[in-house]
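Quick look at final-v1.pdb (PDB, C-alpha atoms, pLDDT in the B column):
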ATOM      1  CA  MET A   1      14.951   6.852  -2.297  1.00 73.00           C
ATOM      2  CA  ASN A   2      12.930   5.789  -5.323  1.00 82.00           C
ATOM      3  CA  ILE A   3       9.753   3.744  -5.029  1.00 87.00           C
ATOM      4  CA  THR A   4      11.327   0.957  -7.090  1.00 86.00           C
ATOM      5  CA  ASP A   5      14.104   0.671  -4.478  1.00 89.00           C
ATOM      6  CA  ILE A   6      11.532  -0.702  -2.019  1.00 93.00           C
ATOM      7  CA  MET A   7       9.157  -2.594  -4.307  1.00 94.00           C
ATOM      8  CA  THR A   8       9.139  -5.115  -7.148  1.00 93.00           C
ATOM      9  CA  GLU A   9       6.375  -6.150  -9.531  1.00 94.00           C
ATOM     10  CA  LYS A  10       5.791  -9.125  -7.194  1.00 96.00           C
ATOM     11  CA  ASN A  11       4.582  -6.613  -4.582  1.00 97.00           C
ATOM     12  CA  ILE A  12       1.730  -5.441  -6.818  1.00 97.00           C
ATOM     13  CA  PHE A  13      -1.689  -7.075  -6.438  1.00 97.00           C
ATOM     14  CA  ILE A  14      -4.563  -6.342  -8.804  1.00 96.00           C
ATOM     15  CA  GLY A  15      -8.266  -7.138  -8.589  1.00 94.00           C
ATOM     16  CA  LEU A  16      -8.746  -7.756  -4.879  1.00 94.00           C
ATOM     17  CA  LYS A  17     -12.369  -8.659  -4.197  1.00 95.00           C
ATOM     18  CA  VAL A  18     -13.260  -7.613  -0.658  1.00 95.00           C
ATOM     19  CA  ASN A  19     -16.259  -6.561   1.401  1.00 92.00           C
ATOM     20  CA  GLY A  20     -15.214  -3.553   3.431  1.00 93.00           C
ATOM     21  CA  LYS A  21     -12.175  -2.049   5.101  1.00 95.00           C
ATOM     22  CA  ARG A  22     -11.529  -4.798   7.626  1.00 95.00           C
ATOM     23  CA  ASP A  23     -11.736  -7.495   4.938  1.00 96.00           C
ATOM     24  CA  LEU A  24      -9.398  -5.454   2.733  1.00 97.00           C
ATOM     25  CA  LEU A  25      -6.837  -5.084   5.530  1.00 97.00           C
ATOM     26  CA  GLN A  26      -7.036  -8.843   6.155  1.00 97.00           C
ATOM     27  CA  GLU A  27      -6.399  -9.592   2.484  1.00 97.00           C
ATOM     28  CA  ILE A  28      -3.492  -7.123   2.453  1.00 97.00           C
ATOM     29  CA  ALA A  29      -2.010  -8.742   5.576  1.00 98.00           C
ATOM     30  CA  SER A  30      -2.270 -12.175   3.955  1.00 97.00           C
ATOM     31  CA  LYS A  31      -0.501 -11.091   0.761  1.00 97.00           C
ATOM     32  CA  ILE A  32       2.241  -9.209   2.622  1.00 97.00           C
ATOM     33  CA  ALA A  33       2.821 -12.146   4.992  1.00 97.00           C
ATOM     34  CA  GLU A  34       3.406 -14.424   1.989  1.00 95.00           C
ATOM     35  CA  ARG A  35       6.004 -12.044   0.540  1.00 94.00           C
ATOM     36  CA  SER A  36       7.690 -10.715   3.676  1.00 94.00           C
ATOM     37  CA  GLY A  37       7.758 -13.681   6.046  1.00 92.00           C
ATOM     38  CA  LEU A  38       6.089 -11.607   8.758  1.00 94.00           C
ATOM     39  CA  ASP A  39       3.189 -13.020  10.734  1.00 96.00           C
ATOM     40  CA  GLU A  40      -0.151 -12.323   9.026  1.00 97.00           C
ATOM     41  CA  ARG A  41      -1.972 -11.563  12.282  1.00 97.00           C
ATOM     42  CA  THR A  42       0.754  -9.138  13.375  1.00 97.00           C
ATOM     43  CA  ILE A  43       0.516  -7.297  10.067  1.00 97.00           C
ATOM     44  CA  PHE A  44      -3.278  -7.109  10.268  1.00 98.00           C
ATOM     45  CA  ASP A  45      -3.239  -5.920  13.909  1.00 97.00           C
ATOM     46  CA  THR A  46      -0.571  -3.279  13.189  1.00 96.00           C
ATOM     47  CA  LEU A  47      -2.419  -1.890  10.155  1.00 97.00           C
ATOM     48  CA  LEU A  48      -5.749  -1.937  12.005  1.00 96.00           C
ATOM     49  CA  GLU A  49      -4.210  -0.172  15.007  1.00 95.00           C
ATOM     50  CA  ARG A  50      -2.813   2.537  12.705  1.00 94.00           C
ATOM     51  CA  GLU A  51      -6.256   2.969  11.127  1.00 95.00           C
ATOM     52  CA  SER A  52      -7.795   3.416  14.591  1.00 93.00           C
ATOM     53  CA  LEU A  53      -5.684   6.577  14.954  1.00 93.00           C
ATOM     54  CA  GLY A  54      -7.284   7.986  11.811  1.00 92.00           C
ATOM     55  CA  SER A  55      -7.897   6.677   8.334  1.00 93.00           C
ATOM     56  CA  THR A  56      -4.918   6.501   6.014  1.00 94.00           C
ATOM     57  CA  GLY A  57      -7.364   7.102   3.161  1.00 94.00           C
ATOM     58  CA  PHE A  58      -6.400  10.626   2.205  1.00 87.00           C
ATOM     59  CA  GLY A  59      -8.824  11.292  -0.601  1.00 91.00           C
ATOM     60  CA  SER A  60      -9.476  10.727  -4.303  1.00 94.00           C
ATOM     61  CA  GLY A  61      -9.807   6.972  -3.855  1.00 95.00           C
ATOM     62  CA  VAL A  62      -6.323   6.361  -2.482  1.00 96.00           C
ATOM     63  CA  ALA A  63      -4.942   5.189   0.860  1.00 96.00           C
ATOM     64  CA  LEU A  64      -1.528   4.652   2.420  1.00 95.00           C
ATOM     65  CA  PRO A  65      -1.717   2.136   5.293  1.00 96.00           C
ATOM     66  CA  HIS A  66       1.630   1.673   7.001  1.00 95.00           C
ATOM     67  CA  GLY A  67       3.329   0.197  10.023  1.00 95.00           C
ATOM     68  CA  ARG A  68       6.627  -0.763  11.634  1.00 94.00           C
ATOM     69  CA  PHE A  69       7.576  -4.331  12.444  1.00 95.00           C
ATOM     70  CA  SER A  70      10.263  -6.112  14.408  1.00 93.00           C
ATOM     71  CA  GLY A  71      12.003  -8.820  12.415  1.00 88.00           C
ATOM     72  CA  LEU A  72      11.933  -6.840   9.180  1.00 92.00           C
ATOM     73  CA  ASP A  73      15.298  -5.910   7.692  1.00 90.00           C
ATOM     74  CA  LYS A  74      14.295  -3.239   5.160  1.00 92.00           C
ATOM     75  CA  VAL A  75      11.472  -0.914   4.114  1.00 94.00           C
ATOM     76  CA  GLN A  76       9.041  -2.549   1.669  1.00 95.00           C
ATOM     77  CA  ALA A  77       6.199  -1.089  -0.381  1.00 96.00           C
ATOM     78  CA  TYR A  78       3.197  -2.900  -1.828  1.00 97.00           C
ATOM     79  CA  LEU A  79       0.484  -1.718  -4.196  1.00 97.00           C
ATOM     80  CA  PHE A  80      -3.061  -3.076  -4.121  1.00 97.00           C
ATOM     81  CA  LYS A  81      -5.897  -2.371  -6.548  1.00 97.00           C
ATOM     82  CA  THR A  82      -9.376  -3.495  -5.573  1.00 96.00           C
ATOM     83  CA  SER A  83     -11.836  -4.786  -8.163  1.00 95.00           C
ATOM     84  CA  SER A  84     -14.359  -2.239  -6.871  1.00 95.00           C
ATOM     85  CA  PRO A  85     -13.991   0.727  -4.508  1.00 96.00           C
ATOM     86  CA  VAL A  86     -14.218   0.049  -0.759  1.00 96.00           C
ATOM     87  CA  ASP A  87     -15.415   2.357   2.025  1.00 95.00           C
ATOM     88  CA  PHE A  88     -12.162   3.148   3.836  1.00 95.00           C
ATOM     89  CA  GLU A  89     -13.424   6.045   5.972  1.00 94.00           C
ATOM     90  CA  ALA A  90     -11.241   8.381   3.899  1.00 94.00           C
ATOM     91  CA  ILE A  91     -11.084  12.064   4.768  1.00 93.00           C
ATOM     92  CA  ASP A  92     -13.188  12.966   1.701  1.00 95.00           C
ATOM     93  CA  ASN A  93     -15.626  10.069   2.366  1.00 95.00           C
ATOM     94  CA  LYS A  94     -14.892   8.634  -1.088  1.00 95.00           C
ATOM     95  CA  PRO A  95     -14.308   4.882  -1.383  1.00 97.00           C
ATOM     96  CA  VAL A  96     -10.780   3.628  -1.999  1.00 96.00           C
ATOM     97  CA  ASP A  97      -9.562   1.413  -4.833  1.00 96.00           C
ATOM     98  CA  LEU A  98      -5.826   2.137  -4.861  1.00 96.00           C
ATOM     99  CA  LEU A  99      -3.630   1.459  -1.829  1.00 96.00           C
ATOM    100  CA  PHE A 100       0.090   1.652  -1.285  1.00 95.00           C
ATOM    101  CA  VAL A 101       1.073  -0.196   1.872  1.00 96.00           C
ATOM    102  CA  LEU A 102       4.402   0.543   3.541  1.00 95.00           C
ATOM    103  CA  ILE A 103       5.997  -1.802   6.047  1.00 96.00           C
ATOM    104  CA  SER A 104       9.222  -0.805   7.771  1.00 94.00           C
ATOM    105  CA  PRO A 105      11.619  -2.136  10.392  1.00 95.00           C
ATOM    106  CA  GLU A 106      10.856  -0.936  13.907  1.00 92.00           C
ATOM    107  CA  ASP A 107      13.924   1.316  14.023  1.00 91.00           C
ATOM    108  CA  SER A 108      13.681   2.808  10.519  1.00 87.00           C
ATOM    109  CA  GLY A 109      12.682   6.359  11.446  1.00 80.00           C
ATOM    110  CA  ALA A 110      14.154   8.389   8.581  1.00 88.00           C
ATOM    111  CA  ASP A 111      13.765   5.713   5.899  1.00 88.00           C
ATOM    112  CA  HIS A 112      10.106   5.152   6.887  1.00 88.00           C
ATOM    113  CA  LEU A 113       9.334   8.870   6.658  1.00 89.00           C
ATOM    114  CA  THR A 114      11.218   9.261   3.374  1.00 91.00           C
ATOM    115  CA  ALA A 115       9.274   6.356   1.863  1.00 90.00           C
ATOM    116  CA  LEU A 116       5.951   7.763   3.122  1.00 89.00           C
ATOM    117  CA  ALA A 117       6.775  11.115   1.516  1.00 89.00           C
ATOM    118  CA  GLN A 118       7.752   9.466  -1.778  1.00 90.00           C
ATOM    119  CA  ILE A 119       4.560   7.387  -1.921  1.00 90.00           C
ATOM    120  CA  SER A 120       2.426  10.377  -0.917  1.00 90.00           C
ATOM    121  CA  ARG A 121       3.799  12.375  -3.859  1.00 90.00           C
ATOM    122  CA  ILE A 122       2.832   9.553  -6.225  1.00 89.00           C
ATOM    123  CA  LEU A 123      -0.667   9.182  -4.775  1.00 88.00           C
ATOM    124  CA  LYS A 124      -1.352  12.921  -4.847  1.00 89.00           C
ATOM    125  CA  ASP A 125      -0.679  13.009  -8.591  1.00 92.00           C
ATOM    126  CA  GLU A 126      -4.118  12.460 -10.113  1.00 92.00           C
ATOM    127  CA  GLY A 127      -2.630  11.748 -13.538  1.00 94.00           C
ATOM    128  CA  VAL A 128      -0.456   8.949 -12.178  1.00 94.00           C
ATOM    129  CA  CYS A 129      -3.359   7.502 -10.169  1.00 95.00           C
ATOM    130  CA  SER A 130      -5.533   7.557 -13.284  1.00 95.00           C
ATOM    131  CA  GLN A 131      -2.850   5.645 -15.199  1.00 96.00           C
ATOM    132  CA  LEU A 132      -2.462   3.136 -12.352  1.00 95.00           C
ATOM    133  CA  ARG A 133      -6.207   2.499 -12.373  1.00 95.00           C
ATOM    134  CA  GLN A 134      -6.159   1.763 -16.106  1.00 95.00           C
ATOM    135  CA  MET A 135      -3.251  -0.688 -15.987  1.00 95.00           C
ATOM    136  CA  ASN A 136      -3.990  -4.393 -15.736  1.00 93.00           C
ATOM    137  CA  THR A 137      -0.661  -6.066 -14.998  1.00 96.00           C
ATOM    138  CA  PRO A 138       1.933  -5.697 -12.253  1.00 96.00           C
ATOM    139  CA  LEU A 139       4.625  -5.340 -14.919  1.00 95.00           C
ATOM    140  CA  GLU A 140       2.864  -2.323 -16.509  1.00 95.00           C
ATOM    141  CA  ILE A 141       2.423  -0.706 -13.111  1.00 95.00           C
ATOM    142  CA  PHE A 142       6.016  -1.351 -12.077  1.00 95.00           C
ATOM    143  CA  ALA A 143       7.271   0.129 -15.348  1.00 93.00           C
ATOM    144  CA  LEU A 144       5.221   3.278 -14.756  1.00 94.00           C
ATOM    145  CA  LEU A 145       6.500   3.602 -11.180  1.00 92.00           C
ATOM    146  CA  ASN A 146      10.076   3.018 -12.357  1.00 90.00           C
ATOM    147  CA  ASN A 147       9.698   5.836 -14.907  1.00 89.00           C
ATOM    148  CA  LEU A 148       8.622   8.278 -12.175  1.00 83.00           C
ATOM    149  CA  ASN A 149      12.121   8.215 -10.691  1.00 65.00           C
TER     150      ASN A 149
END
Kindly return the structure encoded in the file as structure tokens.
Amino acid sequence: MNITDIMTEKNIFIGLKVNGKRDLLQEIASKIAERSGLDERTIFDTLLERESLGSTGFGSGVALPHGRFSGLDKVQAYLFKTSSPVDFEAIDNKPVDLLFVLISPEDSGADHLTALAQISRILKDEGVCSQLRQMNTPLEIFALLNNLN
């Protein structure tokens, strides 16, 4: 599975202006609801519940919130860049400005894990993250992600 198999440039959102983790998750839920057809509140609650198990902010300013949803027919990935870093309770205590969000069907065990692994590899590459931070359009970002395949 390649990241571009589960995302399009329409799933990339740049310049989110938010005040904290909860506000960021709400904004993410709103954007994903518009694109996926899922209920915004369900998305928010699912992502918040996952965060209560431990932050998905895994260091160096990046996070990977994720959840499974009934009524979804395929795995989808979204990328969000905040206009300024947000305290996300990451494991290194550094604020987050780059988030991949993965939403998957309830019964997508292997595909969900494969997608998480693929996104994790991207986010652990500091060079790629640096490039993502410098890019200003969804098309630029999508092209970079497409070239990683």
Exercise. So, counting all atoms listed in the file, which residue among A:Leu148, A:Met135, A:Leu48, A:Ala143 is closest to Gln118 in chain A?
Worked result: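 The closest residue to Gln118 in chain A is A:Leu148.
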Exercise. Do you know which residues the PyMOL selection byres ((chain A and resi 14) around 10) returns on this file, as a list in words?
Worked result: Ile12, Phe13, Gly15, Leu16, Lys17, Leu79, Phe80, Lys81, Thr82, Ser83, Leu98, Arg133, Met135, Asn136, Thr137, Pro138 and Ile141 of chain A
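Straight-line separation from CA of Ser30 in chain A to CA of Thr46 in chain A: 12.9 Å.
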Exercise. Between A:Asp45, A:Gly59, A:Thr8, A:Asn2, which one has atoms that come closest to Asp92 in chain A, using all atoms listed in the file?
Worked result: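 Distance minimum relative to Asp92 in chain A lands on A:Gly59.
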Problem set entry | Picked residues, the PyMOL selection byres ((chain A and resi 91) around 12), expected as a ChimeraX atom specification | /A:54-63,87-90,92-96
Exercise. Could you spell out the hits of the PyMOL selection byres ((chain A and resi 40) around 12) on the shown file, as a ChimeraX atom specification?
Worked result: /A:25-39,41-47,69
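Among the candidates A:Glu140, A:Asp107, A:Glu49, A:Asp5, the one nearest to Leu72 in chain A when counting only C-alpha atoms is A:Asp107.
Take CA of His112 in chain A and CA of Asp125 in chain A: the distance between them is 20.4 Å.
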Problem set entry | Two-atom distance - CA of Gly20 in chain A, CA of Ser52 in chain A (Å) |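 Distance between the two atoms: 15.1 Å.
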Problem set entry | Nearest to Leu116 in chain A by atom-to-atom distance, counting all atoms listed in the file, from A:Val128, A:Ser84, A:Leu64, A:Ile6 | A:Leu64
Starting from the incomplete input, reconstruct N, CA and C atoms of range 68-79 of chain A and write that as a compact mmCIF listing (two decimals), keeping the file's coordinate frame.
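Saved the output as result34.txt:
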# COMPACT_ATOMS: atom_id res chain seq x y z
N ARG A 68 5.24 -0.34 11.37
CA ARG A 68 6.63 -0.76 11.63
C ARG A 68 6.59 -2.11 12.33
N PHE A 69 7.59 -2.94 11.99
CA PHE A 69 7.58 -4.33 12.44
C PHE A 69 8.96 -4.77 12.89
N SER A 70 9.00 -5.49 14.01
CA SER A 70 10.26 -6.11 14.41
C SER A 70 10.47 -7.33 13.51
N GLY A 71 11.70 -7.67 13.26
CA GLY A 71 12.00 -8.82 12.42
C GLY A 71 12.06 -8.50 10.94
N LEU A 72 11.86 -7.25 10.59
CA LEU A 72 11.93 -6.84 9.18
C LEU A 72 13.28 -6.16 8.98
N ASP A 73 13.96 -6.47 7.88
CA ASP A 73 15.30 -5.91 7.69
C ASP A 73 15.36 -4.69 6.78
N LYS A 74 14.28 -4.42 6.03
CA LYS A 74 14.30 -3.24 5.16
C LYS A 74 12.87 -2.76 4.88
N VAL A 75 12.76 -1.51 4.48
CA VAL A 75 11.47 -0.91 4.11
C VAL A 75 10.96 -1.60 2.84
N GLN A 76 9.66 -1.92 2.83
CA GLN A 76 9.04 -2.55 1.67
C GLN A 76 7.73 -1.84 1.35
N ALA A 77 7.46 -1.68 0.06
CA ALA A 77 6.20 -1.09 -0.38
C ALA A 77 5.43 -2.10 -1.22
N TYR A 78 4.11 -2.03 -1.09
CA TYR A 78 3.20 -2.90 -1.83
C TYR A 78 2.10 -2.02 -2.42
N LEU A 79 1.60 -2.43 -3.57
CA LEU A 79 0.48 -1.72 -4.20
C LEU A 79 -0.67 -2.70 -4.38
